[in-house]
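J.: Next comes the structure file structure_13.txt, holding compact mmCIF, C-alpha atoms (C1' of nucleotides).
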```txt
# COMPACT_ATOMS: atom_id res chain seq x y z
CA MET T 1 10.40 6.18 -8.94
CA ASP T 2 8.20 3.27 -7.95
CA ALA T 3 9.50 3.53 -4.40
CA ALA T 4 8.95 7.28 -4.29
CA LEU T 5 5.30 7.00 -5.28
CA LYS T 6 4.74 4.24 -2.77
CA ALA T 7 6.40 6.30 -0.07
CA LEU T 8 4.16 9.26 -0.80
CA ALA T 9 1.02 7.16 -0.65
CA GLU T 10 1.29 7.20 3.13
CA PRO T 11 -0.12 10.44 4.62
CA ARG T 12 2.21 10.38 7.60
CA ARG T 13 5.24 10.28 5.34
CA ARG T 14 3.95 13.24 3.37
CA GLU T 15 3.64 15.14 6.62
CA ILE T 16 7.18 14.18 7.60
CA LEU T 17 8.45 15.28 4.24
CA ARG T 18 6.81 18.63 4.73
CA LEU T 19 8.47 19.03 8.11
CA VAL T 20 11.92 18.56 6.63
CA TRP T 21 11.17 20.44 3.45
CA SER T 22 12.73 23.75 4.36
CA GLU T 23 14.95 22.83 7.31
CA GLU T 24 16.74 19.74 8.51
CA ARG T 25 15.48 18.04 11.65
CA GLY T 26 16.44 15.16 13.91
CA ALA T 27 14.28 12.08 14.32
CA THR T 28 13.17 12.97 17.84
CA ASP T 29 12.19 16.45 16.72
CA ILE T 30 10.14 14.98 13.90
CA ALA T 31 8.55 12.40 16.16
CA SER T 32 7.43 15.11 18.57
CA HIS T 33 4.99 16.31 15.94
CA PHE T 34 3.09 13.03 15.92
CA ARG T 35 1.32 10.79 18.34
CA VAL T 36 3.07 7.63 17.26
CA THR T 37 6.24 6.28 18.78
CA ARG T 38 9.67 7.43 17.72
CA SER T 39 10.25 3.94 16.39
CA ALA T 40 7.45 4.30 13.87
CA ILE T 41 8.89 7.61 12.70
CA SER T 42 12.30 6.05 12.34
CA GLN T 43 10.83 3.39 10.11
CA HIS T 44 9.07 5.98 8.01
CA LEU T 45 12.33 7.87 7.65
CA GLY T 46 13.94 4.68 6.48
CA VAL T 47 11.34 4.31 3.76
CA LEU T 48 11.75 7.92 2.69
CA ARG T 49 15.52 7.59 2.61
CA GLU T 50 15.29 4.36 0.63
CA ALA T 51 13.07 6.17 -1.86
CA GLY T 52 15.60 8.96 -2.14
CA LEU T 53 13.14 11.55 -0.90
CA VAL T 54 15.23 12.59 2.09
CA THR T 55 18.94 12.86 2.76
CA GLU T 56 20.62 12.02 6.04
CA ARG T 57 23.47 13.90 7.67
CA ARG T 58 25.14 12.42 10.75
CA GLU T 59 26.71 14.53 13.42
CA GLY T 60 27.70 12.75 16.60
CA THR T 61 24.70 10.88 17.93
CA HIS T 62 22.38 13.02 15.84
CA ARG T 63 21.05 12.28 12.41
CA TYR T 64 19.56 15.18 10.56
CA TYR T 65 17.06 14.66 7.79
CA ARG T 66 16.16 16.98 4.98
CA ALA T 67 13.91 16.67 1.95
CA ASP T 68 15.63 16.04 -1.36
CA ARG T 69 13.85 18.55 -3.53
CA ALA T 70 15.58 17.44 -6.68
CA GLU T 71 14.08 14.00 -6.23
CA MET T 72 10.65 15.53 -5.72
CA ALA T 73 11.12 17.51 -8.90
CA ARG T 74 12.09 14.33 -10.72
CA LEU T 75 8.93 12.69 -9.47
CA ARG T 76 6.81 15.54 -10.71
CA ASP T 77 8.56 15.34 -14.02
CA PHE T 78 7.87 11.63 -14.14
CA LEU T 79 4.19 12.17 -13.47
CA ASP T 80 4.12 14.65 -16.30
CA ARG T 81 5.72 12.37 -18.82
CA TYR T 82 4.84 8.84 -17.80
CA TRP T 83 1.44 8.87 -19.41
CA THR T 84 2.32 11.00 -22.37
CA GLY T 85 4.80 8.73 -24.08
CA GLY T 86 2.38 7.41 -26.71
CA LEU T 87 1.83 8.17 -30.33
CA GLU T 88 -0.46 11.04 -29.57
CA GLN T 89 2.30 12.79 -27.73
CA LEU T 90 4.69 12.19 -30.58
CA ARG T 91 2.20 13.75 -32.92
CA ASP T 92 1.77 16.74 -30.64
CA ALA T 93 5.51 17.18 -30.42
CA ALA T 94 5.83 16.96 -34.19
CA GLU T 95 3.14 19.58 -34.65
CA ALA T 96 4.83 21.86 -32.15
CA ALA T 97 8.12 21.50 -33.99
CA GLN T 98 6.38 22.31 -37.24
CA ARG T 99 4.87 25.45 -35.79
CA GLU T 100 8.24 26.43 -34.40
CA LYS T 101 9.87 25.96 -37.78
CA GLY T 102 7.27 28.05 -39.55
CA ARG T 103 7.69 30.83 -37.07
CA SER T 104 11.41 31.35 -37.59
CA MET H 105 -6.27 13.79 -3.52
CA ASP H 106 -5.32 11.27 -0.90
CA ALA H 107 -7.18 8.60 -2.84
CA ALA H 108 -5.49 9.55 -6.09
CA LEU H 109 -2.00 9.21 -4.65
CA LYS H 110 -2.88 5.89 -3.09
CA ALA H 111 -4.30 4.68 -6.38
CA LEU H 112 -1.14 5.60 -8.23
CA ALA H 113 1.06 3.81 -5.72
CA GLU H 114 0.04 0.51 -7.31
CA PRO H 115 2.09 -0.20 -10.47
CA ARG H 116 -0.69 -2.17 -12.11
CA ARG H 117 -3.04 0.76 -11.82
CA ARG H 118 -0.51 3.07 -13.37
CA GLU H 119 -0.26 0.67 -16.29
CA ILE H 120 -4.02 0.59 -16.63
CA LEU H 121 -4.16 4.34 -16.55
CA ARG H 122 -1.65 4.45 -19.34
CA LEU H 123 -3.73 2.07 -21.44
CA VAL H 124 -6.76 4.31 -21.21
CA TRP H 125 -4.81 7.53 -21.45
CA SER H 126 -5.33 8.31 -25.10
CA GLU H 127 -8.26 6.03 -25.97
CA GLU H 128 -11.14 4.49 -24.12
CA ARG H 129 -11.14 0.74 -23.59
CA GLY H 130 -13.43 -1.96 -22.22
CA ALA H 131 -12.53 -4.01 -19.17
CA THR H 132 -11.85 -7.19 -21.13
CA ASP H 133 -9.58 -5.32 -23.49
CA ILE H 134 -7.68 -3.90 -20.53
CA ALA H 135 -7.51 -7.26 -18.77
CA SER H 136 -6.02 -8.89 -21.86
CA HIS H 137 -2.86 -6.89 -21.25
CA PHE H 138 -2.27 -8.52 -17.89
CA ARG H 139 -1.93 -11.97 -16.43
CA VAL H 140 -4.41 -11.45 -13.64
CA THR H 141 -8.11 -12.23 -13.83
CA ARG H 142 -10.72 -9.85 -15.17
CA SER H 143 -12.04 -9.64 -11.64
CA ALA H 144 -8.83 -8.12 -10.38
CA ILE H 145 -8.83 -5.56 -13.19
CA SER H 146 -12.40 -4.65 -12.43
CA GLN H 147 -11.44 -3.97 -8.84
CA HIS H 148 -8.52 -1.82 -9.93
CA LEU H 149 -10.85 0.12 -12.20
CA GLY H 150 -13.14 0.64 -9.24
CA VAL H 151 -10.30 2.17 -7.25
CA LEU H 152 -9.29 4.39 -10.14
CA ARG H 153 -12.86 5.51 -10.66
CA GLU H 154 -13.31 6.18 -6.96
CA ALA H 155 -10.17 8.31 -7.05
CA GLY H 156 -11.56 10.22 -10.00
CA LEU H 157 -8.69 9.19 -12.25
CA VAL H 158 -10.87 7.48 -14.87
CA THR H 159 -14.35 8.06 -16.23
CA GLU H 160 -16.79 5.35 -17.21
CA ARG H 161 -19.12 5.34 -20.18
CA ARG H 162 -21.73 2.61 -20.51
CA GLU H 163 -23.00 1.38 -23.83
CA GLY H 164 -25.09 -1.75 -23.76
CA THR H 165 -23.24 -4.42 -21.86
CA HIS H 166 -19.98 -2.62 -22.42
CA ARG H 167 -18.31 -0.18 -20.07
CA TYR H 168 -15.64 1.98 -21.57
CA TYR H 169 -12.98 3.58 -19.44
CA ARG H 170 -10.86 6.58 -20.15
CA ALA H 171 -8.30 8.52 -18.11
CA ASP H 172 -9.45 11.79 -16.61
CA ARG H 173 -6.55 14.02 -17.48
CA ALA H 174 -7.95 16.98 -15.61
CA GLU H 175 -7.74 15.01 -12.39
CA MET H 176 -4.15 14.08 -13.18
CA ALA H 177 -3.38 17.74 -13.71
CA ARG H 178 -4.96 18.56 -10.37
CA LEU H 179 -2.77 15.95 -8.71
CA ARG H 180 0.33 17.44 -10.24
CA ASP H 181 -0.66 20.87 -9.05
CA PHE H 182 -1.22 19.48 -5.60
CA LEU H 183 2.25 17.95 -5.53
CA ASP H 184 3.63 21.32 -6.59
CA ARG H 185 1.83 23.29 -3.95
CA TYR H 186 1.80 20.89 -1.04
CA TRP H 187 5.48 21.10 -0.29
CA THR H 188 6.27 24.46 -1.73
CA GLY H 189 5.44 27.28 0.58
CA GLY H 190 6.11 29.94 -2.00
CA LEU H 191 7.16 30.82 -5.49
CA GLU H 192 10.83 30.75 -4.60
CA GLN H 193 10.75 27.08 -3.72
CA LEU H 194 8.75 26.32 -6.81
CA ARG H 195 11.44 28.01 -8.87
CA ASP H 196 14.17 26.00 -7.13
CA ALA H 197 12.42 22.73 -7.86
CA ALA H 198 11.93 23.67 -11.49
CA GLU H 199 15.58 24.55 -11.86
CA ALA H 200 16.66 21.30 -10.29
CA ALA H 201 14.45 19.39 -12.70
CA GLN H 202 15.89 21.34 -15.59
CA ARG H 203 19.45 20.50 -14.57
CA GLU H 204 18.52 16.85 -14.25
CA LYS H 205 16.90 16.83 -17.67
CA GLY H 206 19.94 18.37 -19.25
CA ARG H 207 22.16 15.79 -17.65
CA SER H 208 20.41 12.77 -19.20
C1' DC E 209 -38.31 -16.81 -22.04
C1' DG E 210 -33.47 -18.72 -22.31
C1' DG E 211 -28.86 -18.38 -23.50
C1' DA E 212 -24.71 -15.71 -24.51
C1' DT E 213 -21.72 -11.90 -23.51
C1' DC E 214 -19.58 -8.29 -20.75
C1' DA E 215 -18.73 -6.92 -16.46
C1' DT E 216 -19.15 -6.20 -11.25
C1' DT E 217 -19.46 -8.15 -6.57
C1' DC E 218 -18.99 -11.53 -2.80
C1' DA E 219 -16.20 -14.72 0.11
C1' DG E 220 -11.94 -16.20 1.41
C1' DT E 221 -6.75 -16.37 1.32
C1' DT E 222 -2.33 -14.40 1.39
C1' DG E 223 1.12 -10.97 1.84
C1' DA E 224 2.38 -6.24 2.81
C1' DC E 225 2.72 -2.65 6.08
C1' DA E 226 2.06 0.66 9.96
C1' DC E 227 2.39 0.22 14.50
C1' DT E 228 4.08 -1.11 19.41
C1' DT E 229 7.31 -2.93 22.77
C1' DA E 230 11.78 -4.43 23.68
C1' DC E 231 16.48 -4.42 22.83
C1' DG E 232 20.98 -2.92 20.66
C1' DT E 233 24.41 0.64 19.43
C1' DA E 234 27.13 4.66 19.08
C1' DA E 235 28.59 9.08 20.89
C1' DG E 236 28.80 12.39 24.40
C1' DT E 237 29.09 13.40 29.68
C1' DA E 238 29.81 13.02 34.88
C1' DT Q 239 33.56 3.40 33.93
C1' DA Q 240 28.69 4.23 34.46
C1' DC Q 241 25.01 7.02 32.77
C1' DT Q 242 22.44 9.51 29.42
C1' DT Q 243 21.07 10.88 24.87
C1' DA Q 244 19.73 9.91 20.17
C1' DC Q 245 18.86 6.69 17.28
C1' DG Q 246 18.07 2.18 14.62
C1' DT Q 247 16.57 -2.70 14.47
C1' DA Q 248 13.97 -7.07 15.77
C1' DA Q 249 9.92 -9.41 16.77
C1' DG Q 250 5.08 -9.65 17.11
C1' DT Q 251 0.24 -7.92 16.19
C1' DG Q 252 -3.78 -6.05 13.75
C1' DT Q 253 -5.44 -4.16 9.62
C1' DC Q 254 -5.75 -3.45 4.84
C1' DA Q 255 -5.45 -4.54 0.09
C1' DA Q 256 -4.54 -7.44 -4.13
C1' DC Q 257 -5.77 -11.55 -5.80
C1' DT Q 258 -8.66 -15.95 -7.21
C1' DG Q 259 -12.85 -18.41 -8.07
C1' DA Q 260 -17.81 -18.51 -7.80
C1' DA Q 261 -21.91 -16.16 -7.93
C1' DT Q 262 -24.59 -12.23 -9.50
C1' DG Q 263 -26.18 -8.36 -12.40
C1' DA Q 264 -27.14 -6.16 -16.90
C1' DT Q 265 -28.03 -6.17 -21.71
C1' DC Q 266 -28.82 -8.03 -26.22
C1' DC Q 267 -30.73 -11.46 -29.44
C1' DG Q 268 -32.79 -15.96 -31.05
```
Starting from the coordinates I provided, produce the structure as C-alpha cells.

T.:
Amino acid sequence: MDAALKALAEPRRREILRLVWSEERGATDIASHFRVTRSAISQHLGVLREAGLVTERREGTHRYYRADRAEMARLRDFLDRYWTGGLEQLRDAAEAAQREKGRS
Amino acid sequence: MDAALKALAEPRRREILRLVWSEERGATDIASHFRVTRSAISQHLGVLREAGLVTERREGTHRYYRADRAEMARLRDFLDRYWTGGLEQLRDAAEAAQREKGRS
DNA sequence: CGGATCATTCAGTTGACACTTACGTAAGTA
DNA sequence: TACTTACGTAAGTGTCAACTGAATGATCCG
C-alpha cells in the first residue's frame, strides 16, 4: 500500500496507468505517448509492477501491461479506512449498529 | 490534487494526518509522537497545509492543526473519477473491492 | 523592557529518484 | 547465422525533498 501511494505520487505514472486502464499495451506503445525515452518508461513500469498496480503478460518479445483495477480499488478502500480507525469511528459504528437494531 | 497525492506519499505525513484526524493538536504535541525534530514536523505540516489537507488555527503562541476531511473526500473522488471513464468501470472496481473485503 | 514559550524559517547535508545514454538479452525473421 | 524488434538493466547526472541545527518570529507575562 505504501508502494502504491508512492507510485501514484508521480504524475507520469498516473498517466501511464490511465493508458493501460482499459486496454493492455506494450512498452513501446506506451512510450510513444511521452517525450521521454523508452528506458524511462520501462523504469516507471517497473515501479508500477512492483507496487502491484499493473500486471504483465509476456508473449514472444512483447510484454503487455494492464492496470490492476482490483489493486486500485484496494487503495481507495485503504484511503477510506486508514484515517478512520480511531475511537470516533468505533463510536459511529456502534451508533449505526444501534440504529439498525432498533429498525428491525 | 497533485499536491495532495504527493503529500500523502510520505508515510510520516500520513501518520501526522492521522494524529490530527479526530482532534486538533499543536506542533509540539504532534512532534512528541516522532523521533525527528520539531523543525521537521513543522515542515511536514507546511506541506500538508499547502496541499489543503490540514487547517491551522492560531491562538496566542499556539497553532492548532486539524485534518481537512473535505479535502480528503475530494481526493478520494478524484481517484475514483480519474481512471474510471464511466459508471461501468466504477461498478467493476467497487465489486472487486467487495470481493476482496469478503475474502479477508 | 526582558525572558520564556511555541513555533516557523534559513542554511547546509544527504539520500532518493526521474532521467539519459549505453549495453545486454530474448525472440522472431531473412 | 546475421539482423531486427522489443524490451530490460547498468551507470552516471541533475534535481528535489527530508532532515538537523541555528537563527528568527510571535505572543504572553513578570

J.: Determine, counting all atoms listed in the file, every residue of protein, DNA or RNA that lies within 6 Å of (7.3, -0.3, 8.5) in the file coordinates, then give the result as an MDAnalysis selection string.

T.: (chainID T and resid 43) or (chainID E and resid 225:226)

J.: Nearest residue to DG236 of chain E out of T:Glu50, T:Glu71, T:Glu59, T:Asp80, using all atoms listed in the file?

T.: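 The answer is T:Glu59, which sits nearest to DG236 of chain E.
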
J.: Output as an mmCIF file with C-alpha atoms, in the frame of the given file the set of chain T residues within 8 Å of chain E, with distances taken over all atoms listed in the file.

T.:
```cif
data_model
loop_
_atom_site.group_PDB
_atom_site.id
_atom_site.type_symbol
_atom_site.label_atom_id
_atom_site.label_comp_id
_atom_site.auth_asym_id
_atom_site.auth_seq_id
_atom_site.Cartn_x
_atom_site.Cartn_y
_atom_site.Cartn_z
ATOM 1 C CA VAL T 36 3.070 7.630 17.260
ATOM 2 C CA THR T 37 6.240 6.280 18.780
ATOM 3 C CA ALA T 40 7.450 4.300 13.870
ATOM 4 C CA GLY T 60 27.700 12.750 16.600
ATOM 5 C CA THR T 61 24.700 10.880 17.930
#
```

J.: Which residues, written as number ranges by chain, have at least one atom at most 8 Å from Ala3 of chain T, with all atoms listed in the file counted and residues fewer than 3 positions away on the same chain left out?

T.: T: 6-7, 50-51

J.: Once the least-squares fit of chain H onto chain T is done over all Cα atoms matched in order, how many Å of RMSD are left?

T.: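 Least-squares fit of chain H onto chain T, C-alpha RMSD 6.8 Å.
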
J.: Expressed in Å to a single decimal, how great is the separation between atom CA of Val54 of chain T and atom CA of Asp68 of chain T?

T.: 4.9 Å

J.: Report, in Å with one decimal, the straight-line distance from atom CA of Leu17 of chain T to atom CA of Arg66 of chain T.

T.: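 Computing it gives 7.9 Å between the two atoms.
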
J.: Please compute the atom CA of Arg139 of chain H-atom CA of Leu79 of chain T distance, one decimal, in Å.

T.: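 Interatomic distance, atom CA of Arg139 of chain H to atom CA of Leu79 of chain T: 25.1 Å.
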
J.: Tell me, counting all atoms listed in the file, for each residue of chain T within 10 Å of chain Q, which pair of atoms is nearest and how far apart they are in Å to one decimal, in rows ordered by chain and increasing number, as CSV.

T.:
```
residue,atom,partner,partner_atom,distance
T:Gly26,CA,Q:DA244,C1',8.8
T:Ala27,CA,Q:DC245,C1',7.7
T:Thr28,CA,Q:DA244,C1',7.6
T:Arg38,CA,Q:DC245,C1',9.2
T:Ser39,CA,Q:DG246,C1',8.2
T:Ser42,CA,Q:DG246,C1',7.3
T:Gln43,CA,Q:DG246,C1',8.6
T:Gly46,CA,Q:DG246,C1',9.5
T:Gly60,CA,Q:DA244,C1',9.2
T:Thr61,CA,Q:DA244,C1',5.5
T:His62,CA,Q:DA244,C1',6.0
T:Arg63,CA,Q:DC245,C1',7.7
```

J.: From the list T:Ala67, T:Leu75, T:Arg57, T:Trp83, which residue is nearest Glu23 of chain T when using all atoms listed in the file?

T.: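 Using all atoms listed in the file, the shortest distance to Glu23 of chain T belongs to T:Ala67.
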
J.: Would you mind listing, as JSON, numbers by chain, all residues of chain T that have at least one atom within 10 Å of chain H, where only C-alpha atoms are what counts?

T.: {"T": [2, 3, 4, 5, 6, 7, 8, 9, 10, 11, 14, 15, 17, 18, 19, 20, 21, 22, 67, 68, 69, 70, 71, 72, 73, 74, 75, 76, 77, 79, 80, 82, 83, 84, 85, 86, 87, 88, 89]}
